[in-house]
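The file entry21.cif comes next; it holds mmCIF, C-alpha atoms.
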data_structure
loop_
_atom_site.label_atom_id
_atom_site.label_comp_id
_atom_site.auth_asym_id
_atom_site.auth_seq_id
_atom_site.Cartn_x
_atom_site.Cartn_y
_atom_site.Cartn_z
CA MET A 18 -13.80 -59.77 -13.44
CA GLY A 19 -11.81 -59.51 -10.20
CA PHE A 20 -12.79 -57.36 -7.23
CA GLN A 21 -10.67 -54.28 -7.91
CA ASP A 22 -11.67 -54.11 -11.58
CA GLY A 23 -15.27 -54.82 -10.64
CA LEU A 24 -15.30 -52.07 -8.03
CA ALA A 25 -13.90 -49.56 -10.54
CA GLU A 26 -16.41 -50.64 -13.19
CA ALA A 27 -19.27 -50.44 -10.67
CA ALA A 28 -18.20 -46.91 -9.71
CA ARG A 29 -18.26 -45.80 -13.35
CA THR A 30 -21.63 -47.43 -14.03
CA ILE A 31 -23.22 -45.99 -10.89
CA GLU A 32 -21.78 -42.54 -11.61
CA ASP A 33 -23.21 -42.60 -15.14
CA HIS A 34 -26.64 -43.76 -14.03
CA LEU A 35 -26.90 -41.22 -11.23
CA ARG A 36 -25.85 -38.47 -13.64
CA HIS A 37 -28.56 -39.62 -16.06
CA VAL A 38 -31.22 -39.63 -13.34
CA LEU A 39 -30.23 -36.20 -12.04
CA SER A 40 -30.11 -34.72 -15.55
CA GLY A 41 -33.89 -34.79 -15.64
CA LEU A 42 -34.26 -32.63 -12.53
CA GLY A 43 -33.17 -29.27 -13.95
CA GLY A 44 -30.32 -27.00 -12.95
CA LEU A 45 -31.32 -25.44 -9.64
CA PRO A 46 -28.57 -25.15 -6.99
CA VAL A 47 -30.19 -27.95 -4.96
CA VAL A 48 -29.87 -30.32 -7.93
CA GLN A 49 -26.28 -29.23 -8.51
CA ALA A 50 -25.59 -29.92 -4.85
CA MET A 51 -27.18 -33.37 -5.13
CA GLY A 52 -24.87 -34.28 -8.00
CA TYR A 53 -21.87 -32.85 -6.17
CA ALA A 54 -22.66 -34.82 -3.01
CA ALA A 55 -23.33 -38.06 -4.86
CA ALA A 56 -20.15 -37.90 -6.94
CA GLY A 57 -17.01 -39.86 -6.12
CA GLY A 58 -16.36 -42.26 -3.29
CA LYS A 59 -15.51 -45.95 -3.39
CA ARG A 60 -19.09 -47.04 -4.26
CA LEU A 61 -18.61 -50.11 -2.09
CA ARG A 62 -22.27 -50.25 -1.07
CA GLY A 63 -23.40 -50.04 -4.68
CA TYR A 64 -20.84 -52.68 -5.62
CA LEU A 65 -22.27 -55.05 -3.01
CA VAL A 66 -25.71 -54.61 -4.58
CA LEU A 67 -24.42 -55.33 -8.07
CA GLU A 68 -22.32 -58.31 -7.04
CA GLY A 69 -25.07 -59.83 -4.91
CA ALA A 70 -27.45 -59.41 -7.83
CA ARG A 71 -24.97 -61.09 -10.20
CA ILE A 72 -24.70 -64.10 -7.90
CA HIS A 73 -28.48 -64.44 -7.96
CA GLY A 74 -28.87 -64.04 -11.71
CA ILE A 75 -30.37 -60.55 -11.68
CA ALA A 76 -29.74 -58.53 -14.85
CA PRO A 77 -27.37 -55.56 -14.47
CA ALA A 78 -29.99 -53.29 -16.04
CA GLN A 79 -32.23 -54.01 -13.05
CA ALA A 80 -29.54 -54.12 -10.37
CA ILE A 81 -28.23 -50.64 -11.21
CA TRP A 82 -31.39 -49.10 -9.73
CA PRO A 83 -30.95 -50.35 -6.14
CA ALA A 84 -27.18 -49.83 -6.47
CA CYS A 85 -27.76 -46.16 -7.21
CA ALA A 86 -30.47 -46.00 -4.55
CA ILE A 87 -28.10 -47.01 -1.77
CA GLU A 88 -25.47 -44.57 -3.01
CA ALA A 89 -28.05 -41.77 -2.96
CA ILE A 90 -29.06 -42.67 0.60
CA HIS A 91 -25.41 -42.86 1.66
CA ALA A 92 -24.69 -39.48 0.05
CA TYR A 93 -27.64 -37.91 1.88
CA SER A 94 -26.36 -39.24 5.19
CA LEU A 95 -22.92 -37.71 4.59
CA VAL A 96 -24.35 -34.31 3.61
CA HIS A 97 -26.37 -34.13 6.82
CA ASP A 98 -23.63 -35.66 8.96
CA ASP A 99 -21.21 -32.94 7.80
CA LEU A 100 -23.52 -30.10 8.90
CA PRO A 101 -22.43 -27.84 11.78
CA CYS A 102 -25.25 -29.18 13.97
CA MET A 103 -23.81 -32.69 13.68
CA ASP A 104 -20.13 -33.45 12.91
CA ASP A 105 -19.32 -29.99 11.52
CA ASP A 106 -16.89 -31.05 8.79
CA ASP A 107 -15.42 -28.74 6.16
CA MET A 108 -14.03 -31.39 3.81
CA ARG A 109 -15.40 -34.58 2.30
CA ARG A 110 -13.59 -36.69 -0.32
CA GLY A 111 -10.99 -33.95 -0.64
CA MET A 112 -13.59 -31.30 -1.53
CA PRO A 113 -15.53 -28.69 0.49
CA THR A 114 -18.62 -30.16 2.08
CA VAL A 115 -21.96 -29.20 0.56
CA HIS A 116 -22.84 -26.62 3.20
CA ARG A 117 -19.44 -24.97 2.69
CA LYS A 118 -19.69 -24.90 -1.10
CA TRP A 119 -23.29 -23.64 -1.03
CA ASP A 120 -25.00 -23.00 2.32
CA GLU A 121 -26.67 -24.92 5.11
CA ALA A 122 -30.19 -24.63 3.70
CA THR A 123 -29.09 -26.01 0.34
CA ALA A 124 -27.26 -28.84 2.09
CA VAL A 125 -30.34 -29.79 4.09
CA LEU A 126 -32.54 -29.77 0.99
CA ALA A 127 -30.00 -31.65 -1.13
CA GLY A 128 -29.78 -34.32 1.55
CA ASP A 129 -33.56 -34.52 1.76
CA ALA A 130 -33.83 -34.88 -2.00
CA LEU A 131 -31.13 -37.56 -2.18
CA GLN A 132 -32.92 -39.54 0.51
CA THR A 133 -36.23 -39.50 -1.33
CA LEU A 134 -34.44 -40.22 -4.61
CA GLY A 135 -33.20 -43.49 -3.12
CA PHE A 136 -36.75 -44.67 -2.58
CA GLU A 137 -37.83 -43.42 -5.99
CA LEU A 138 -35.12 -45.53 -7.62
CA VAL A 139 -36.13 -48.81 -5.95
CA ALA A 140 -39.82 -48.09 -6.60
CA CYS A 141 -39.20 -47.53 -10.32
CA PRO A 142 -40.66 -50.32 -12.50
CA ASP A 143 -37.31 -50.57 -14.30
CA CYS A 144 -35.83 -51.86 -11.05
CA HIS A 145 -38.00 -54.99 -11.04
CA PRO A 146 -41.18 -55.99 -12.88
CA ASP A 147 -42.77 -57.35 -9.70
CA ALA A 148 -44.30 -54.63 -7.53
CA VAL A 149 -44.08 -56.90 -4.48
CA VAL A 150 -40.32 -57.12 -4.88
CA ARG A 151 -40.06 -53.35 -5.30
CA ALA A 152 -42.16 -52.85 -2.18
CA ASP A 153 -39.90 -55.22 -0.24
CA LEU A 154 -36.82 -53.30 -1.38
CA ALA A 155 -38.37 -50.00 -0.33
CA LEU A 156 -39.60 -51.29 3.04
CA SER A 157 -36.28 -52.91 3.92
CA LEU A 158 -34.38 -49.80 2.79
CA ALA A 159 -36.58 -47.59 4.98
CA ARG A 160 -35.86 -49.81 7.98
CA ALA A 161 -32.12 -49.85 7.26
CA ALA A 162 -31.89 -46.09 6.77
CA GLY A 163 -34.30 -44.87 9.45
CA ALA A 164 -34.94 -45.04 13.18
CA ARG A 165 -34.38 -48.81 13.23
CA GLY A 166 -30.99 -48.56 11.52
CA MET A 167 -28.69 -45.76 10.39
CA VAL A 168 -30.54 -42.84 12.00
CA LEU A 169 -30.80 -44.79 15.26
CA GLY A 170 -27.05 -45.33 15.20
CA GLN A 171 -26.43 -41.65 14.49
CA ALA A 172 -28.73 -40.63 17.35
CA LEU A 173 -26.92 -42.98 19.74
CA ASP A 174 -23.61 -41.56 18.57
CA MET A 175 -24.72 -37.97 19.21
CA ALA A 176 -26.06 -38.92 22.64
CA ALA A 177 -22.76 -40.58 23.50
CA GLU A 178 -20.87 -37.39 22.64
CA GLN A 179 -22.99 -35.50 25.18
CA SER A 180 -22.55 -38.11 27.91
CA ASP A 181 -19.88 -38.06 30.62
CA THR A 182 -19.78 -41.88 30.57
CA PRO A 183 -17.88 -43.46 27.67
CA LEU A 184 -19.63 -46.25 25.81
CA SER A 185 -18.73 -49.86 26.48
CA LEU A 186 -17.56 -52.20 23.73
CA ASP A 187 -21.01 -53.78 23.49
CA GLN A 188 -22.64 -50.36 23.25
CA ILE A 189 -20.29 -49.20 20.49
CA THR A 190 -20.89 -52.44 18.61
CA ALA A 191 -24.67 -51.93 18.81
CA LEU A 192 -24.35 -48.27 17.79
CA GLN A 193 -22.23 -49.07 14.75
CA ALA A 194 -24.53 -51.92 13.69
CA GLY A 195 -27.02 -49.15 12.97
CA LYS A 196 -24.88 -46.21 11.94
CA THR A 197 -22.62 -48.11 9.55
CA GLY A 198 -23.83 -51.69 9.37
CA ALA A 199 -27.47 -51.23 8.43
CA LEU A 200 -26.80 -49.82 4.96
CA PHE A 201 -24.14 -52.45 4.31
CA GLY A 202 -26.70 -55.07 5.29
CA TRP A 203 -29.29 -53.80 2.83
CA SER A 204 -26.66 -53.51 0.10
CA ALA A 205 -25.55 -57.10 0.49
CA GLU A 206 -29.10 -58.45 0.73
CA ALA A 207 -30.63 -56.50 -2.18
CA GLY A 208 -29.72 -58.98 -4.92
CA ALA A 209 -31.17 -61.90 -2.96
CA ARG A 210 -34.31 -59.88 -2.28
CA MET A 211 -34.69 -59.22 -5.99
CA ALA A 212 -34.38 -62.95 -6.67
CA ARG A 213 -36.67 -63.82 -3.74
CA ALA A 214 -33.85 -65.97 -2.38
CA ASP A 215 -32.66 -66.62 1.17
CA ILE A 216 -30.92 -63.49 2.51
CA THR A 217 -29.50 -65.18 5.63
CA PRO A 218 -25.92 -65.83 4.38
CA LEU A 219 -25.62 -62.27 3.12
CA THR A 220 -27.08 -60.84 6.32
CA GLY A 221 -24.35 -62.56 8.33
CA TYR A 222 -21.71 -61.51 5.83
CA ALA A 223 -22.76 -57.88 5.92
CA ARG A 224 -23.02 -57.77 9.71
CA ALA A 225 -19.38 -58.81 10.02
CA LEU A 226 -18.22 -56.68 7.08
CA GLY A 227 -19.94 -53.54 8.38
CA LEU A 228 -18.34 -53.87 11.80
CA ALA A 229 -14.93 -54.52 10.25
CA PHE A 230 -15.42 -51.42 8.09
CA GLN A 231 -16.11 -49.27 11.15
CA ILE A 232 -13.13 -50.64 13.05
CA ALA A 233 -11.00 -49.81 10.01
CA ASP A 234 -12.43 -46.28 10.09
CA ASP A 235 -11.46 -45.95 13.75
CA ILE A 236 -7.95 -47.14 12.90
CA LEU A 237 -7.70 -44.67 10.02
CA ASP A 238 -8.81 -41.85 12.31
CA VAL A 239 -5.61 -42.54 14.26
CA GLU A 240 -3.18 -43.70 11.58
CA GLY A 241 -4.67 -42.20 8.40
CA ASP A 242 -3.37 -39.27 6.39
CA ALA A 243 -5.84 -36.38 6.04
CA ALA A 244 -4.62 -35.46 2.56
CA GLN A 245 -4.98 -39.03 1.34
CA MET A 246 -8.35 -39.53 3.01
CA GLY A 247 -9.79 -36.20 1.89
CA LYS A 248 -11.21 -35.38 5.32
CA ALA A 249 -10.06 -34.53 8.83
CA VAL A 250 -8.50 -37.24 11.02
CA GLY A 251 -7.95 -37.46 14.77
CA LYS A 252 -11.38 -36.04 15.55
CA ASP A 253 -12.47 -38.94 17.77
CA ALA A 254 -9.49 -38.65 20.07
CA GLY A 255 -9.87 -34.88 20.15
CA ARG A 256 -13.42 -35.29 21.44
CA GLY A 257 -12.49 -37.98 23.94
CA LYS A 258 -14.81 -40.34 22.11
CA ALA A 259 -14.77 -44.06 22.87
CA THR A 260 -13.87 -46.09 19.79
CA PHE A 261 -12.82 -49.63 19.01
CA VAL A 262 -9.22 -48.43 19.11
CA SER A 263 -9.57 -46.70 22.47
CA LEU A 264 -11.23 -49.78 24.00
CA LEU A 265 -9.29 -52.59 22.32
CA GLY A 266 -5.99 -50.85 21.63
CA MET A 267 -4.58 -50.56 18.14
CA ASP A 268 -3.35 -54.16 17.93
CA GLY A 269 -6.56 -55.50 19.45
CA ALA A 270 -8.68 -53.50 17.02
CA LYS A 271 -6.71 -54.80 14.06
CA ARG A 272 -7.04 -58.39 15.28
CA ARG A 273 -10.78 -57.95 15.77
CA ALA A 274 -11.16 -56.56 12.24
CA GLU A 275 -9.24 -59.50 10.77
CA SER A 276 -11.41 -61.93 12.73
CA LEU A 277 -14.56 -60.26 11.40
CA VAL A 278 -13.32 -60.54 7.82
CA THR A 279 -12.81 -64.28 8.32
CA GLU A 280 -16.32 -64.50 9.76
CA ALA A 281 -17.76 -62.56 6.80
CA CYS A 282 -16.04 -64.83 4.28
CA ASP A 283 -17.20 -67.96 6.09
CA CYS A 284 -20.82 -66.79 5.80
CA LEU A 285 -20.51 -66.98 2.01
CA SER A 286 -19.48 -70.63 1.83
CA VAL A 287 -22.92 -71.59 0.49
CA TYR A 288 -22.13 -69.72 -2.75
CA GLY A 289 -18.80 -71.43 -3.38
CA SER A 290 -16.42 -69.75 -5.83
CA GLU A 291 -19.18 -67.38 -7.00
CA ALA A 292 -18.65 -65.39 -3.82
CA GLY A 293 -14.93 -64.79 -4.39
CA ASN A 294 -15.38 -61.10 -5.17
CA LEU A 295 -17.53 -60.53 -2.09
CA GLN A 296 -14.85 -62.20 0.00
CA ASP A 297 -12.26 -59.89 -1.55
CA ALA A 298 -14.53 -56.95 -0.73
CA ALA A 299 -14.45 -57.96 2.93
CA ARG A 300 -10.65 -58.10 2.85
CA PHE A 301 -10.57 -54.72 1.14
CA VAL A 302 -12.43 -52.92 3.92
CA ILE A 303 -9.57 -53.45 6.39
CA SER A 304 -6.73 -52.86 3.92
CA ARG A 305 -7.98 -49.55 2.48
CA ARG A 306 -6.19 -46.29 3.23
CA THR A 307 -9.18 -44.00 2.69
#
I need this file expressed as structure tokens, please.
Amino acid sequence: MGFQDGLAEAARTIEDHLRHVLSGLGGLPVVQAMGYAAAGGKRLRGYLVLEGARIHGIAPAQAIWPACAIEAIHAYSLVHDDLPCMDDDDMRRGMPTVHRKWDEATAVLAGDALQTLGFELVACPDCHPDAVVRADLALSLARAAGARGMVLGQALDMAAEQSDTPLSLDQITALQAGKTGALFGWSAEAGARMARADITPLTGYARALGLAFQIADDILDVEGDAAQMGKAVGKDAGRGKATFVSLLGMDGAKRRAESLVTEACDCLSVYGSEAGNLQDAARFVISRRT
């Protein structure tokens, strides 16, 4: 199955599994908000889990658990990021953000519950029969999502918005390695972790892919269409925020993204033709329009 078909199939499979998991939690507004927040999206992170697992011979019935886990963690981060105390966004994926559809308290709790659900999913025995492997998945996910990874990047981003001194290119690169790159890294590595295989090629791949993804986001914030993207654009420039585009220029940012995609694909050479879909995924991140 090619990349585009695989991505669509992964999205359907992840959506179904998350719906099944959430169906056992009752019908309170917080659970409804969890399902709402976790619905839709490209499911690229989950796809990376599933494809990395396939390359390493992990059964889809096991791989779906960490794939859904990373999507739950990603959804939580978006719910909290959209809150008025952070990015204050009204729209996400073309729909009202959780705090707009419900209220801020429900959004906070839904995000909290999605975060803990991510760890529940990788700790579930159905994810892997070996408790040591499950523990490794949970520990590495905690590091990727927390104060060593995504949360660190978010904190640096918020601090930069309050500073009178714009970030340098190196500082933005380090910030985005946490805010965006850390979850991509875990997603790409999860299949190898489940197989107890070497994660090094996938770590390098994800590092380049995550940075290319963020540069593409910065480009879309300038060139993207709000209706097509389902969220506001032009916010970075409006805040005077330093981005890859503001520092490198539009052409320079596009060249840097293309170079990173080449770097990401080169990291996968050890897998030969088996890595074709992951290479296509890297190309996709800089060609997408949403």
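Distance check against A:Val125 using only C-alpha atoms: of A:Arg151, A:Asp107, A:Ala50, A:Glu68, the minimum falls on A:Ala50.
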*How many Å separate atom CA of A:Val302 from atom CA of A:Leu35?*
24.0 Å
_Selection near A:Ala55, 7 Å with all atoms listed in the file, sequence-local residues under 2 positions removed, as a PyMOL selection string_ = chain A and resi 51-53+57+89+92
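Selection check: the PyMOL selection byres ((chain A and resi 105) around 12) on the shown file gives Leu95, Val96, His97, Asp98, Asp99, Leu100, Pro101, Cys102, Met103, Asp104, Asp106, Asp107, Met108, Arg109, Pro113, Thr114, Val115, His116, Arg117, Glu121, Lys248, Ala249 and Lys252 of chain A.
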*In Å, how far is it from atom CA of A:Thr190 to atom CA of A:Ala70?*
28.1 Å
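Rounded to one decimal, atom CA of A:Val150 and atom CA of A:Glu206 lie 12.6 Å from each other.
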*Result set of the PyMOL selection byres ((chain A and resi 238-241) around 9) on the coordinates above, as a count of residues only*: 20
*asked:* Within 12 Å of (-24.5, -51.7, 21.3) (file coordinates; only C-alpha atoms), which protein or nucleic acid residues are there? I'd like them as a PyMOL selection string.
replied: chain A and resi 169-170+173-174+177+184-196+198+228
_Residue contacts of A:Arg273 (12 Å, all atoms listed in the file) excluding same-chain residues fewer than 4 positions away, as a PyMOL selection string_ = chain A and resi 186+190+225-226+228-233+236+261-262+264-269+277-280+303
*Applied to this file, what does the PyMOL selection byres ((chain A and resi 223) around 9) return in terms of residues, put as a list in words?*
Gly198, Ala199, Phe201, Gly202, Trp203, Ser204, Ala205, Glu206, Pro218, Leu219, Thr220, Gly221, Tyr222, Arg224, Ala225, Leu226, Gly227, Leu228, Ala281 and Ala299 of chain A
For stretch 273-287 of chain A, which lacks atoms in the input, supply N, CA, C and O atoms and format the output as a tab-separated table (two decimals), keeping the file's coordinate frame.
chain	number	residue	atom	x	y	z
A	273	ARG	N	-9.33	-57.79	15.82
A	273	ARG	CA	-10.78	-57.95	15.77
A	273	ARG	C	-11.29	-57.76	14.34
A	273	ARG	O	-12.16	-58.51	13.87
A	274	ALA	N	-10.75	-56.78	13.63
A	274	ALA	CA	-11.16	-56.56	12.24
A	274	ALA	C	-10.82	-57.76	11.37
A	274	ALA	O	-11.62	-58.19	10.54
A	275	GLU	N	-9.64	-58.32	11.55
A	275	GLU	CA	-9.24	-59.50	10.77
A	275	GLU	C	-10.14	-60.69	11.07
A	275	GLU	O	-10.52	-61.44	10.17
A	276	SER	N	-10.51	-60.85	12.34
A	276	SER	CA	-11.41	-61.93	12.73
A	276	SER	C	-12.79	-61.76	12.08
A	276	SER	O	-13.41	-62.74	11.63
A	277	LEU	N	-13.26	-60.53	12.01
A	277	LEU	CA	-14.56	-60.26	11.40
A	277	LEU	C	-14.54	-60.54	9.90
A	277	LEU	O	-15.53	-61.02	9.34
A	278	VAL	N	-13.43	-60.25	9.26
A	278	VAL	CA	-13.32	-60.54	7.82
A	278	VAL	C	-13.40	-62.05	7.59
A	278	VAL	O	-14.07	-62.51	6.67
A	279	THR	N	-12.72	-62.82	8.42
A	279	THR	CA	-12.81	-64.28	8.32
A	279	THR	C	-14.25	-64.74	8.52
A	279	THR	O	-14.75	-65.60	7.77
A	280	GLU	N	-14.92	-64.15	9.50
A	280	GLU	CA	-16.32	-64.50	9.76
A	280	GLU	C	-17.20	-64.16	8.56
A	280	GLU	O	-18.07	-64.95	8.16
A	281	ALA	N	-16.97	-62.98	7.97
A	281	ALA	CA	-17.76	-62.56	6.80
A	281	ALA	C	-17.56	-63.54	5.65
A	281	ALA	O	-18.54	-63.95	4.99
A	282	CYS	N	-16.32	-63.91	5.39
A	282	CYS	CA	-16.04	-64.83	4.28
A	282	CYS	C	-16.66	-66.20	4.52
A	282	CYS	O	-17.18	-66.83	3.58
A	283	ASP	N	-16.63	-66.66	5.76
A	283	ASP	CA	-17.20	-67.96	6.09
A	283	ASP	C	-18.71	-67.99	5.83
A	283	ASP	O	-19.26	-69.04	5.45
A	284	CYS	N	-19.37	-66.85	6.03
A	284	CYS	CA	-20.82	-66.79	5.80
A	284	CYS	C	-21.20	-67.05	4.35
A	284	CYS	O	-22.34	-67.41	4.05
A	285	LEU	N	-20.24	-66.86	3.45
A	285	LEU	CA	-20.51	-66.98	2.01
A	285	LEU	C	-20.22	-68.36	1.45
A	285	LEU	O	-20.32	-68.56	0.23
A	286	SER	N	-19.89	-69.30	2.30
A	286	SER	CA	-19.48	-70.63	1.83
A	286	SER	C	-20.56	-71.29	0.98
A	286	SER	O	-20.26	-72.08	0.07
A	287	VAL	N	-21.81	-70.99	1.23
A	287	VAL	CA	-22.92	-71.59	0.49
A	287	VAL	C	-22.86	-71.25	-1.00
A	287	VAL	O	-23.37	-72.00	-1.84
